file upload11.cif (mmCIF, C-alpha atoms and all ligand atoms)
data_query
loop_
_atom_site.label_atom_id
_atom_site.label_comp_id
_atom_site.auth_asym_id
_atom_site.auth_seq_id
_atom_site.Cartn_x
_atom_site.Cartn_y
_atom_site.Cartn_z
CA MET A 726 112.42 210.47 59.70
CA ILE A 727 110.26 211.27 56.71
CA ASN A 728 111.67 213.52 54.02
CA GLN A 729 109.55 216.40 52.95
CA PRO A 730 110.92 216.77 49.44
CA THR A 731 109.03 219.87 48.39
CA GLU A 732 110.10 221.73 51.53
CA ASN A 733 113.75 220.77 51.37
CA PRO A 734 115.01 222.04 48.05
CA SER A 735 118.62 222.66 49.11
CA ASP A 736 120.09 220.78 46.16
CA GLU A 737 117.69 222.60 43.87
CA LYS A 738 119.15 225.93 44.97
CA SER A 739 122.75 224.97 44.40
CA SER A 740 122.36 223.12 41.12
CA GLY A 741 119.21 224.46 39.51
CA PHE A 742 117.90 220.91 39.70
CA THR A 743 114.13 221.04 39.65
CA LYS A 744 113.25 217.53 40.80
CA PRO A 745 114.37 217.45 44.43
CA CYS A 746 113.02 214.00 45.16
CA GLY A 747 111.90 211.50 42.59
CA GLY A 748 113.06 208.62 44.75
CA ILE A 749 114.80 206.99 41.75
CA LEU A 750 118.30 205.91 42.82
CA SER A 751 119.70 205.64 39.30
CA GLU A 752 118.82 209.30 38.70
CA MET A 753 120.27 210.65 41.96
CA THR A 754 123.65 212.20 42.58
CA PHE A 755 125.79 211.23 45.55
CA PRO A 756 124.79 214.27 47.67
CA GLU A 757 121.13 213.65 46.91
CA ALA A 758 121.37 210.01 47.93
CA ARG A 759 123.45 210.87 51.01
CA ASP A 760 120.86 213.39 52.20
CA PHE A 761 117.88 211.18 51.41
CA HIS A 762 116.79 208.87 54.19
CA PRO A 763 114.41 206.34 52.66
CA GLN A 764 112.25 204.26 54.96
CA VAL A 765 111.31 201.78 52.22
CA VAL A 766 113.22 200.41 49.24
CA VAL A 767 111.30 198.98 46.28
CA LEU A 768 112.91 196.58 43.80
CA ALA A 769 111.29 195.26 40.63
CA VAL A 770 112.24 191.66 39.85
CA THR A 771 111.43 191.13 36.19
CA SER A 772 112.37 189.07 33.15
CA THR A 773 113.35 189.36 29.50
CA GLU A 774 111.84 186.61 27.37
CA PRO A 775 109.60 186.11 24.31
CA HIS A 776 106.03 187.39 24.44
CA GLY A 777 104.57 186.20 21.14
CA PRO A 778 104.61 188.04 17.81
CA HIS A 779 102.85 191.11 19.20
CA LEU A 780 104.80 192.12 22.34
CA PRO A 781 108.50 192.81 23.01
CA TYR A 782 110.88 190.61 24.98
CA GLY A 783 111.03 193.37 27.59
CA THR A 784 107.32 193.19 28.43
CA ASP A 785 107.79 192.01 32.03
CA PHE A 786 110.65 194.45 32.56
CA PHE A 787 108.69 197.45 31.23
CA ILE A 788 105.68 196.57 33.39
CA GLY A 789 107.62 196.05 36.63
CA ASP A 790 110.09 198.88 36.12
CA GLU A 791 107.55 201.51 35.09
CA ILE A 792 104.91 200.69 37.70
CA VAL A 793 107.57 200.80 40.41
CA ARG A 794 108.93 204.07 39.04
CA ARG A 795 105.53 205.75 38.93
CA SER A 796 104.56 204.41 42.35
CA VAL A 797 107.79 205.58 44.00
CA GLU A 798 107.55 209.00 42.38
CA LYS A 799 103.94 209.28 43.52
CA ALA A 800 104.80 208.13 47.05
CA CYS A 801 107.60 210.72 47.25
CA SER A 802 105.29 213.45 45.95
CA LEU A 803 102.98 212.58 48.87
CA GLY A 804 105.84 213.07 51.32
CA GLY A 805 106.92 209.43 51.56
CA ALA A 806 110.58 208.49 51.89
CA VAL A 807 110.71 205.71 49.33
CA LEU A 808 113.61 204.67 47.13
CA MET A 809 113.49 202.74 43.83
CA TYR A 810 116.39 200.32 43.53
CA PRO A 811 117.53 199.38 40.00
CA SER A 812 115.19 196.79 38.49
CA LEU A 813 116.53 193.29 37.82
CA PRO A 814 115.98 192.53 34.10
CA ILE A 815 116.67 188.77 34.15
CA GLY A 816 114.84 186.08 36.12
CA ASN A 817 114.01 182.36 36.13
CA ASN A 818 113.05 181.03 32.71
CA VAL A 819 114.13 177.40 32.49
CA ASN A 820 110.80 176.41 30.94
CA PHE A 821 111.30 178.96 28.14
CA LYS A 822 114.69 177.70 26.99
CA ALA A 823 113.39 176.23 23.71
CA PHE A 824 112.81 179.81 22.53
CA PRO A 825 115.82 181.93 21.49
CA PHE A 826 117.40 184.32 23.97
CA SER A 827 115.07 183.56 26.83
CA CYS A 828 117.29 185.33 29.34
CA ARG A 829 117.66 183.25 32.45
CA ILE A 830 119.65 182.72 35.59
CA ARG A 831 119.25 179.71 37.84
CA VAL A 832 116.92 179.57 40.81
CA ARG A 833 119.79 179.57 43.29
CA THR A 834 121.52 182.42 41.45
CA LEU A 835 118.45 184.63 41.69
CA MET A 836 118.07 183.73 45.34
CA ASN A 837 121.70 184.65 46.02
CA VAL A 838 121.46 187.92 44.09
CA LEU A 839 118.42 188.91 46.14
CA LEU A 840 119.94 187.82 49.44
CA ASP A 841 123.06 189.88 48.62
CA ILE A 842 120.87 192.90 47.84
CA PHE A 843 118.92 192.47 51.09
CA ALA A 844 122.21 192.32 53.04
CA ALA A 845 123.53 195.45 51.31
CA LEU A 846 120.31 197.32 52.05
CA GLU A 847 120.39 196.20 55.67
CA GLU A 848 123.93 197.60 55.88
CA ASP A 849 122.54 200.83 54.41
CA GLY A 850 120.13 200.93 57.35
CA ILE A 851 117.03 199.89 55.40
CA ARG A 852 114.48 197.86 57.37
CA LYS A 853 111.60 197.66 54.90
CA ILE A 854 112.04 196.13 51.47
CA VAL A 855 109.29 195.57 48.91
CA LEU A 856 109.83 193.31 45.89
CA VAL A 857 107.60 193.80 42.86
CA ASN A 858 107.57 190.62 40.78
CA SER A 859 106.37 190.98 37.20
CA HIS A 860 107.23 187.43 36.02
CA GLY A 861 105.38 184.27 37.02
CA GLY A 862 108.53 182.16 36.69
CA ASN A 863 110.10 184.08 39.59
CA SER A 864 107.24 183.60 42.06
CA SER A 865 108.21 180.40 43.81
CA THR A 866 111.87 181.51 43.94
CA LEU A 867 110.91 184.78 45.62
CA SER A 868 108.77 182.95 48.19
CA ALA A 869 111.70 180.67 48.98
CA THR A 870 114.07 183.66 49.16
CA LEU A 871 111.85 185.43 51.67
CA ARG A 872 111.96 182.28 53.81
CA GLU A 873 115.72 181.94 53.46
CA HIS A 874 116.19 185.59 54.43
CA TYR A 875 113.81 185.25 57.37
CA GLU A 876 115.86 182.33 58.63
CA SER A 877 119.20 184.11 58.16
CA LYS A 878 118.99 186.14 61.36
CA PRO A 879 117.31 185.39 64.66
CA GLU A 880 113.89 186.84 65.35
CA GLY A 881 114.34 190.21 66.97
CA ALA A 882 117.70 190.95 65.33
CA PRO A 883 117.67 194.75 64.99
CA ASP A 884 119.33 194.68 61.56
CA LYS A 885 116.84 192.20 60.07
CA ALA A 886 114.70 193.85 57.43
CA PHE A 887 111.03 193.19 56.83
CA VAL A 888 110.77 191.94 53.24
CA CYS A 889 107.54 191.47 51.28
CA CYS A 890 106.60 190.76 47.68
CA VAL A 891 103.70 191.89 45.47
CA GLY A 892 102.78 191.80 41.80
CA PRO A 893 102.94 195.04 39.77
CA THR A 894 99.15 195.28 39.39
CA SER A 895 98.17 193.52 42.64
CA PHE A 896 97.14 196.85 44.13
CA ALA A 897 94.81 197.78 41.25
CA SER A 898 91.17 197.60 42.27
CA LYS A 899 89.47 194.30 41.58
CA GLU A 900 86.79 196.05 39.58
CA ILE A 901 89.36 197.54 37.21
CA ARG A 902 91.35 194.34 36.88
CA GLN A 903 88.12 192.61 35.86
CA ARG A 904 88.01 194.76 32.73
CA VAL A 905 90.43 192.21 31.25
CA THR A 906 88.04 189.55 30.01
CA HIS A 907 90.35 186.86 28.56
CA ALA A 908 92.56 185.13 31.09
CA SER A 909 96.07 184.11 30.08
CA ASP A 910 99.23 182.79 31.69
CA HIS A 911 101.43 184.69 29.30
CA ALA A 912 101.34 187.60 26.83
CA GLY A 913 97.54 187.69 26.83
CA GLU A 914 95.00 190.48 27.03
CA GLY A 915 96.21 191.81 30.38
CA GLU A 916 99.89 192.17 29.51
CA THR A 917 99.03 193.41 26.02
CA SER A 918 96.80 196.15 27.43
CA LEU A 919 99.53 197.20 29.87
CA ILE A 920 102.18 197.46 27.13
CA MET A 921 99.70 199.29 24.85
CA HIS A 922 99.62 201.93 27.56
CA LEU A 923 103.23 201.86 28.76
CA ARG A 924 105.10 201.27 25.47
CA PRO A 925 102.65 201.65 22.57
CA ASP A 926 105.61 202.10 20.23
CA LEU A 927 106.53 198.44 20.80
CA VAL A 928 103.15 196.72 20.23
CA ARG A 929 102.70 195.02 16.83
CA ALA A 930 98.94 195.55 16.64
CA GLU A 931 98.62 193.68 13.34
CA ALA A 932 99.83 190.50 15.07
CA LEU A 933 97.12 190.40 17.78
CA ALA A 934 95.34 187.03 17.67
CA ASP A 935 93.86 184.20 19.70
CA PHE A 936 97.11 182.39 20.46
CA PRO A 937 96.82 178.60 20.82
CA ARG A 938 97.29 176.74 24.09
CA ASN A 939 97.92 172.99 24.21
CA TYR A 940 96.56 171.21 27.22
CA ALA A 941 97.95 168.26 29.12
CA VAL A 942 96.61 164.83 28.19
CA LEU A 943 95.27 164.27 31.72
CA GLU A 944 92.30 166.37 32.79
CA GLU A 945 93.77 166.74 36.28
CA LEU A 946 96.82 168.53 34.87
CA ARG A 947 94.91 171.19 32.92
CA PRO A 948 94.19 174.71 34.19
CA PRO A 949 92.85 175.62 36.68
CA SER A 950 94.28 172.45 38.21
CA SER A 951 96.03 172.82 41.56
CA VAL A 952 98.54 170.14 40.58
CA GLU A 953 101.85 171.93 40.18
CA PHE A 954 104.49 171.05 37.60
CA ILE A 955 106.93 172.94 35.36
CA ARG A 956 105.36 173.44 31.95
CA PRO A 957 107.69 173.49 28.93
CA TRP A 958 106.26 176.56 27.30
CA HIS A 959 107.13 175.62 23.72
CA ARG A 960 104.72 172.70 24.18
CA TYR A 961 102.07 174.62 26.12
CA ILE A 962 102.09 177.88 24.10
CA PRO A 963 104.10 177.27 20.91
CA GLU A 964 103.90 180.89 19.78
CA SER A 965 105.19 182.08 23.20
CA ALA A 966 101.85 183.75 23.90
CA GLY A 967 98.59 182.16 25.00
CA GLY A 968 94.96 183.19 24.67
CA GLU A 969 92.82 185.85 23.03
CA THR A 970 94.45 189.28 22.80
CA ARG A 971 92.23 191.15 20.32
CA ALA A 972 90.15 192.76 23.08
CA SER A 973 93.30 194.41 24.51
CA SER A 974 93.19 198.17 24.87
CA ALA A 975 95.51 200.97 25.92
CA GLU A 976 92.60 202.43 27.89
CA ASN A 977 92.30 199.32 30.06
CA GLY A 978 96.07 199.32 30.48
CA ARG A 979 95.98 202.94 31.62
CA LEU A 980 93.17 202.33 34.10
CA ILE A 981 94.94 199.31 35.59
CA VAL A 982 98.28 201.13 35.89
CA GLU A 983 96.73 204.25 37.41
CA SER A 984 94.74 202.25 39.96
CA ALA A 985 97.78 200.12 40.83
CA VAL A 986 100.08 203.15 41.19
CA GLU A 987 97.64 205.11 43.33
CA ASN A 988 97.00 202.29 45.80
CA PHE A 989 100.58 201.00 45.84
CA ALA A 990 101.97 204.52 46.44
CA SER A 991 99.57 204.97 49.35
CA PHE A 992 100.73 201.66 50.82
CA LEU A 993 104.39 202.65 50.41
CA VAL A 994 103.85 205.97 52.20
CA ARG A 995 102.11 204.27 55.13
CA LEU A 996 104.65 201.43 55.23
CA GLY A 997 107.40 204.04 55.41
CA GLU A 998 105.69 206.00 58.17
CA ALA A 999 105.02 202.94 60.30
CA GLU A 1000 107.41 202.62 63.22
CA PHE A 1001 109.88 199.79 62.76
CA TYR A 1002 110.93 197.49 65.60
CA PRO A 1003 111.91 193.83 65.88
CA GLY A 1004 108.69 191.91 65.35
CA PHE A 1005 107.27 194.35 62.80
CA PRO A 1006 104.62 194.25 61.25
CA TYR A 1007 102.85 192.84 64.28
CA ALA A 1008 102.01 194.87 67.35
CA LYS A 1009 105.01 196.21 69.24
CA PRO A 1010 106.01 193.95 72.12
CA GLU A 1011 105.25 195.52 75.51
ZN ZN A 1101 105.15 188.51 30.72
#

call {"tool": "encode", "arguments": {"input": "upload11.cif", "output": "structure tokens"}}
result
Amino acid sequence: MINQPTENPSDEKSSGFTKPCGGILSEMTFPEARDFHPQVVVLAVTSTEPHGPHLPYGTDFFIGDEIVRRSVEKACSLGGAVLMYPSLPIGNNVNFKAFPFSCRIRVRTLMNVLLDIFAALEEDGIRKIVLVNSHGGNSSTLSATLREHYESKPEGAPDKAFVCCVGPTSFASKEIRQRVTHASDHAGEGETSLIMHLRPDLVRAEALADFPRNYAVLEELRPPSSVEFIRPWHRYIPESAGGETRASSAENGRLIVESAVENFASFLVRLGEAEFYPGFPYAKPE
């Protein structure tokens, strides 16, 4: 069942509340949550860790949390039944530990936290869960968690949710993402532009620079190598940011966020409307 928030303002009448459905769990009352029947739950998995001298520790959190918030609000305004779960502010950061207060939990801890959340949502009747990962250090853990969850119940189990994972700007158009001209693994032009738009009060513009990157002694281990290893970031990017950031702009950040939110919200609405059955998202078994 899809909620039609603008046509169902019963709570609005009784309380004077003017925002009948934002889809943001942390802002809902008990009756609002009880009467809301979301078809999709979205959870930002983020991180709090250093981002050079120009960006705040909360960069990944602000990006994931705010893009999810705007996308869920947009999806609900389009008639979607989508719920934003509280964003996780701490992720995997073992390679950042040489820097102070690089908040981190272990790989297995993050996996267990997510598996517990999936189980709670399944008990709440949710069958479609979307993770939005705004921190590169979480990526391989989230892939492994999706596999572990998939394995936890037999195929066809009616209480087994479909779980998927995307990046916060993955849904932005390629053309708009290409407006960022200097690639970076961390705290570069892309993230700086996003924070210039989302939290301009927290950008230290005077500190923008071309932040140094040290490369591995073997050619085969340098980007864009496909050889995978854990990079100690104090050796790779000693200022906790890497690459040229002086071309960053709030305008590019705005365009990327708006494109991402529009396309992601559309996906969430259609994901919510899609009929769920064991075997989803493939064609319904005859
Ligand atoms: Zn970041």

call {"tool": "closest_atom_pairs", "arguments": {"input": "upload11.cif", "of": "stretch 777-835 of chain A", "to": "stretch 975-987 of chain A", "cutoff": "10 Å", "atoms": "only C-alpha atoms", "output": "CSV"}}
result
residue,atom,partner,partner_atom,distance
A:Ile788,CA,A:Val982,CA,9.0
A:Glu791,CA,A:Val982,CA,9.3
A:Ile792,CA,A:Val986,CA,6.4
A:Val793,CA,A:Val986,CA,7.9
A:Arg794,CA,A:Val986,CA,9.2
A:Arg795,CA,A:Val986,CA,6.4
A:Ser796,CA,A:Val986,CA,4.8
A:Val797,CA,A:Val986,CA,8.6
A:Glu798,CA,A:Val986,CA,9.6
A:Lys799,CA,A:Glu987,CA,7.6
A:Ala800,CA,A:Glu987,CA,8.6

call {"tool": "write_last_selection", "arguments": {"input": "upload11.cif", "atoms": "C-alpha atoms", "output": "compact mmCIF listing (two decimals), in the coordinates of the input"}}
result
# COMPACT_ATOMS: atom_id res chain seq x y z
CA ILE A 788 105.68 196.57 33.39
CA GLU A 791 107.55 201.51 35.09
CA ILE A 792 104.91 200.69 37.70
CA VAL A 793 107.57 200.80 40.41
CA ARG A 794 108.93 204.07 39.04
CA ARG A 795 105.53 205.75 38.93
CA SER A 796 104.56 204.41 42.35
CA VAL A 797 107.79 205.58 44.00
CA GLU A 798 107.55 209.00 42.38
CA LYS A 799 103.94 209.28 43.52
CA ALA A 800 104.80 208.13 47.05

call {"tool": "closest_atom_pairs", "arguments": {"input": "upload11.cif", "of": "stretch 948-1004 of chain A", "to": "stretch 900-918 of chain A", "cutoff": "6 Å", "atoms": "only C-alpha atoms", "output": "Markdown table"}}
result
| residue | atom | partner | partner_atom | distance |
| --- | --- | --- | --- | --- |
| A:Ala966 | CA | A:Ala912 | CA | 4.9 |
| A:Gly967 | CA | A:His911 | CA | 5.7 |
| A:Gly968 | CA | A:Ser909 | CA | 5.6 |
| A:Thr970 | CA | A:Glu914 | CA | 4.4 |
| A:Ser973 | CA | A:Ser918 | CA | 4.9 |
| A:Ser974 | CA | A:Ser918 | CA | 4.9 |
| A:Ala975 | CA | A:Ser918 | CA | 5.2 |
| A:Gly978 | CA | A:Ser918 | CA | 4.5 |

call {"tool": "residues_around", "arguments": {"input": "upload11.cif", "residues": "A:Phe1001", "least_positions_apart": "2", "cutoff": "12 Å", "atoms": "only C-alpha atoms", "output": "list in words"}}
result
Met726, Gln764, Val765, Gly850, Ile851, Arg852, Lys853, Gly881, Pro883, Asp884, Lys885, Ala886, Phe887, Arg995, Leu996, Gly997, Glu998, Ala999, Pro1003, Gly1004, Phe1005, Pro1006, Tyr1007, Ala1008, Lys1009 and Pro1010 of chain A

call {"tool": "closest_residue", "arguments": {"input": "upload11.cif", "among": "A:Pro893, A:Lys822, A:Val767, A:Leu839", "to": "ligand ZN 1101 (chain A)", "atoms": "all atoms listed in the file"}}
result
A:Pro893

call {"tool": "residues_near_ligand", "arguments": {"input": "upload11.cif", "ligand": "ligand ZN 1101 (chain A)", "cutoff": "10 Å", "atoms": "all atoms listed in the file", "output": "ChimeraX atom specification"}}
result
/A:771-777,780-789,859-862,910-913,915-917,965-966

call {"tool": "closest_residue", "arguments": {"input": "upload11.cif", "among": "A:Arg924, A:His959, A:Ser991, A:Tyr1002", "to": "A:Ala897", "atoms": "all atoms listed in the file"}}
result
A:Ser991

call {"tool": "closest_residue", "arguments": {"input": "upload11.cif", "among": "A:Leu856, A:Leu840, A:His762, A:Thr894", "to": "A:Glu873", "atoms": "only C-alpha atoms"}}
result
A:Leu840

call {"tool": "closest_residue", "arguments": {"input": "upload11.cif", "among": "A:Pro778, A:Pro957, A:Gly816, A:Pro825", "to": "A:Leu933", "atoms": "all atoms listed in the file"}}
result
A:Pro778

call {"tool": "closest_residue", "arguments": {"input": "upload11.cif", "among": "A:Val857, A:Met836, A:Ile815, A:Leu919", "to": "A:Arg872", "atoms": "only C-alpha atoms"}}
result
A:Met836

call {"tool": "atom_distance", "arguments": {"input": "upload11.cif", "atom1": "atom CA of A:Tyr940", "atom2": "atom CA of A:Asn817"}}
result
22.5 Å

call {"tool": "closest_residue", "arguments": {"input": "upload11.cif", "among": "A:Pro814, A:His779, A:Tyr875, A:Ala823", "to": "A:Ala932", "atoms": "all atoms listed in the file"}}
result
A:His779

call {"tool": "atom_distance", "arguments": {"input": "upload11.cif", "atom1": "atom CA of A:Ser751", "atom2": "atom CA of A:Pro811"}}
result
6.7 Å

call {"tool": "closest_atom_pairs", "arguments": {"input": "upload11.cif", "of": "stretch 885-916 of chain A", "to": "stretch 864-871 of chain A", "cutoff": "8 Å", "atoms": "only C-alpha atoms", "output": "Markdown table"}}
result
| residue | atom | partner | partner_atom | distance |
| --- | --- | --- | --- | --- |
| A:Val888 | CA | A:Leu871 | CA | 6.8 |
| A:Cys889 | CA | A:Leu871 | CA | 7.4 |
| A:Cys890 | CA | A:Leu867 | CA | 7.7 |

call {"tool": "residues_around", "arguments": {"input": "upload11.cif", "residues": "A:Val952", "least_positions_apart": "6", "cutoff": "12 Å", "atoms": "all atoms listed in the file", "output": "PyMOL selection string"}}
result
chain A and resi 941+943-946

call {"tool": "write_last_selection", "arguments": {"input": "upload11.cif", "atoms": "C-alpha atoms", "output": "tab-separated table (two decimals), in the frame of the given file"}}
result
chain	number	residue	atom	x	y	z
A	941	ALA	CA	97.95	168.26	29.12
A	943	LEU	CA	95.27	164.27	31.72
A	944	GLU	CA	92.30	166.37	32.79
A	945	GLU	CA	93.77	166.74	36.28
A	946	LEU	CA	96.82	168.53	34.87

call {"tool": "residues_around", "arguments": {"input": "upload11.cif", "residues": "A:Asn820", "least_positions_apart": "3", "cutoff": "7 Å", "atoms": "all atoms listed in the file", "output": "list of chain:residue names"}}
result
A:Ile955, A:Arg956, A:Pro957, A:Trp958

call {"tool": "build_atoms", "arguments": {"input": "upload11.cif", "residues": "stretch 979-1007 of chain A", "atoms": "N, CA and C atoms", "output": "mmCIF file, keeping the file's coordinate frame"}}
result
data_model
loop_
_atom_site.group_PDB
_atom_site.id
_atom_site.type_symbol
_atom_site.label_atom_id
_atom_site.label_comp_id
_atom_site.auth_asym_id
_atom_site.auth_seq_id
_atom_site.Cartn_x
_atom_site.Cartn_y
_atom_site.Cartn_z
ATOM 1 N N ARG A 979 95.830 201.692 30.857
ATOM 2 C CA ARG A 979 95.980 202.940 31.620
ATOM 3 C C ARG A 979 95.217 202.875 32.942
ATOM 4 N N LEU A 980 93.974 202.394 32.880
ATOM 5 C CA LEU A 980 93.170 202.330 34.100
ATOM 6 C C LEU A 980 93.803 201.399 35.136
ATOM 7 N N ILE A 981 94.318 200.266 34.665
ATOM 8 C CA ILE A 981 94.940 199.310 35.590
ATOM 9 C C ILE A 981 96.194 199.918 36.211
ATOM 10 N N VAL A 982 97.031 200.541 35.372
ATOM 11 C CA VAL A 982 98.280 201.130 35.890
ATOM 12 C C VAL A 982 97.959 202.252 36.868
ATOM 13 N N GLU A 983 97.028 203.117 36.528
ATOM 14 C CA GLU A 983 96.730 204.250 37.410
ATOM 15 C C GLU A 983 96.170 203.782 38.755
ATOM 16 N N SER A 984 95.299 202.774 38.711
ATOM 17 C CA SER A 984 94.740 202.250 39.960
ATOM 18 C C SER A 984 95.845 201.587 40.796
ATOM 19 N N ALA A 985 96.694 200.798 40.119
ATOM 20 C CA ALA A 985 97.780 200.120 40.830
ATOM 21 C C ALA A 985 98.728 201.129 41.460
ATOM 22 N N VAL A 986 99.110 202.157 40.692
ATOM 23 C CA VAL A 986 100.080 203.150 41.190
ATOM 24 C C VAL A 986 99.489 203.924 42.370
ATOM 25 N N GLU A 987 98.242 204.321 42.258
ATOM 26 C CA GLU A 987 97.640 205.110 43.330
ATOM 27 C C GLU A 987 97.611 204.318 44.641
ATOM 28 N N ASN A 988 97.144 203.076 44.563
ATOM 29 C CA ASN A 988 97.000 202.290 45.800
ATOM 30 C C ASN A 988 98.360 201.811 46.317
ATOM 31 N N PHE A 989 99.262 201.467 45.413
ATOM 32 C CA PHE A 989 100.580 201.000 45.840
ATOM 33 C C PHE A 989 101.363 202.163 46.472
ATOM 34 N N ALA A 990 101.270 203.352 45.870
ATOM 35 C CA ALA A 990 101.970 204.520 46.440
ATOM 36 C C ALA A 990 101.451 204.816 47.845
ATOM 37 N N SER A 991 100.150 204.726 48.018
ATOM 38 C CA SER A 991 99.570 204.970 49.350
ATOM 39 C C SER A 991 100.110 203.960 50.360
ATOM 40 N N PHE A 992 100.180 202.700 49.937
ATOM 41 C CA PHE A 992 100.730 201.660 50.820
ATOM 42 C C PHE A 992 102.186 201.967 51.170
ATOM 43 N N LEU A 993 102.965 202.379 50.168
ATOM 44 C CA LEU A 993 104.390 202.650 50.410
ATOM 45 C C LEU A 993 104.579 203.802 51.395
ATOM 46 N N VAL A 994 103.752 204.833 51.268
ATOM 47 C CA VAL A 994 103.850 205.970 52.200
ATOM 48 C C VAL A 994 103.570 205.483 53.623
ATOM 49 N N ARG A 995 102.481 204.712 53.774
ATOM 50 C CA ARG A 995 102.110 204.270 55.130
ATOM 51 C C ARG A 995 103.091 203.238 55.676
ATOM 52 N N LEU A 996 103.621 202.387 54.797
ATOM 53 C CA LEU A 996 104.650 201.430 55.230
ATOM 54 C C LEU A 996 105.878 202.187 55.726
ATOM 55 N N GLY A 997 106.246 203.256 55.005
ATOM 56 C CA GLY A 997 107.400 204.040 55.410
ATOM 57 C C GLY A 997 107.183 204.753 56.733
ATOM 58 N N GLU A 998 105.985 205.243 56.944
ATOM 59 C CA GLU A 998 105.690 206.000 58.170
ATOM 60 C C GLU A 998 105.561 205.100 59.399
ATOM 61 N N ALA A 999 105.235 203.847 59.162
ATOM 62 C CA ALA A 999 105.020 202.940 60.300
ATOM 63 C C ALA A 999 106.317 202.750 61.081
ATOM 64 N N GLU A 1000 106.224 202.817 62.378
ATOM 65 C CA GLU A 1000 107.410 202.620 63.220
ATOM 66 C C GLU A 1000 107.947 201.208 63.020
ATOM 67 N N PHE A 1001 109.272 201.111 62.904
ATOM 68 C CA PHE A 1001 109.880 199.790 62.760
ATOM 69 C C PHE A 1001 110.498 199.357 64.087
ATOM 70 N N TYR A 1002 110.341 198.089 64.400
ATOM 71 C CA TYR A 1002 110.930 197.490 65.600
ATOM 72 C C TYR A 1002 111.016 195.994 65.334
ATOM 73 N N PRO A 1003 111.878 195.287 66.055
ATOM 74 C CA PRO A 1003 111.910 193.830 65.880
ATOM 75 C C PRO A 1003 110.531 193.246 66.146
ATOM 76 N N GLY A 1004 110.038 192.452 65.233
ATOM 77 C CA GLY A 1004 108.690 191.910 65.350
ATOM 78 C C GLY A 1004 107.713 192.553 64.401
ATOM 79 N N PHE A 1005 108.114 193.707 63.786
ATOM 80 C CA PHE A 1005 107.270 194.350 62.800
ATOM 81 C C PHE A 1005 106.929 193.330 61.720
ATOM 82 N N PRO A 1006 105.713 193.280 61.187
ATOM 83 C CA PRO A 1006 104.620 194.250 61.250
ATOM 84 C C PRO A 1006 103.547 193.932 62.272
ATOM 85 N N TYR A 1007 103.853 193.115 63.249
ATOM 86 C CA TYR A 1007 102.850 192.840 64.280
ATOM 87 C C TYR A 1007 103.017 193.841 65.437
#
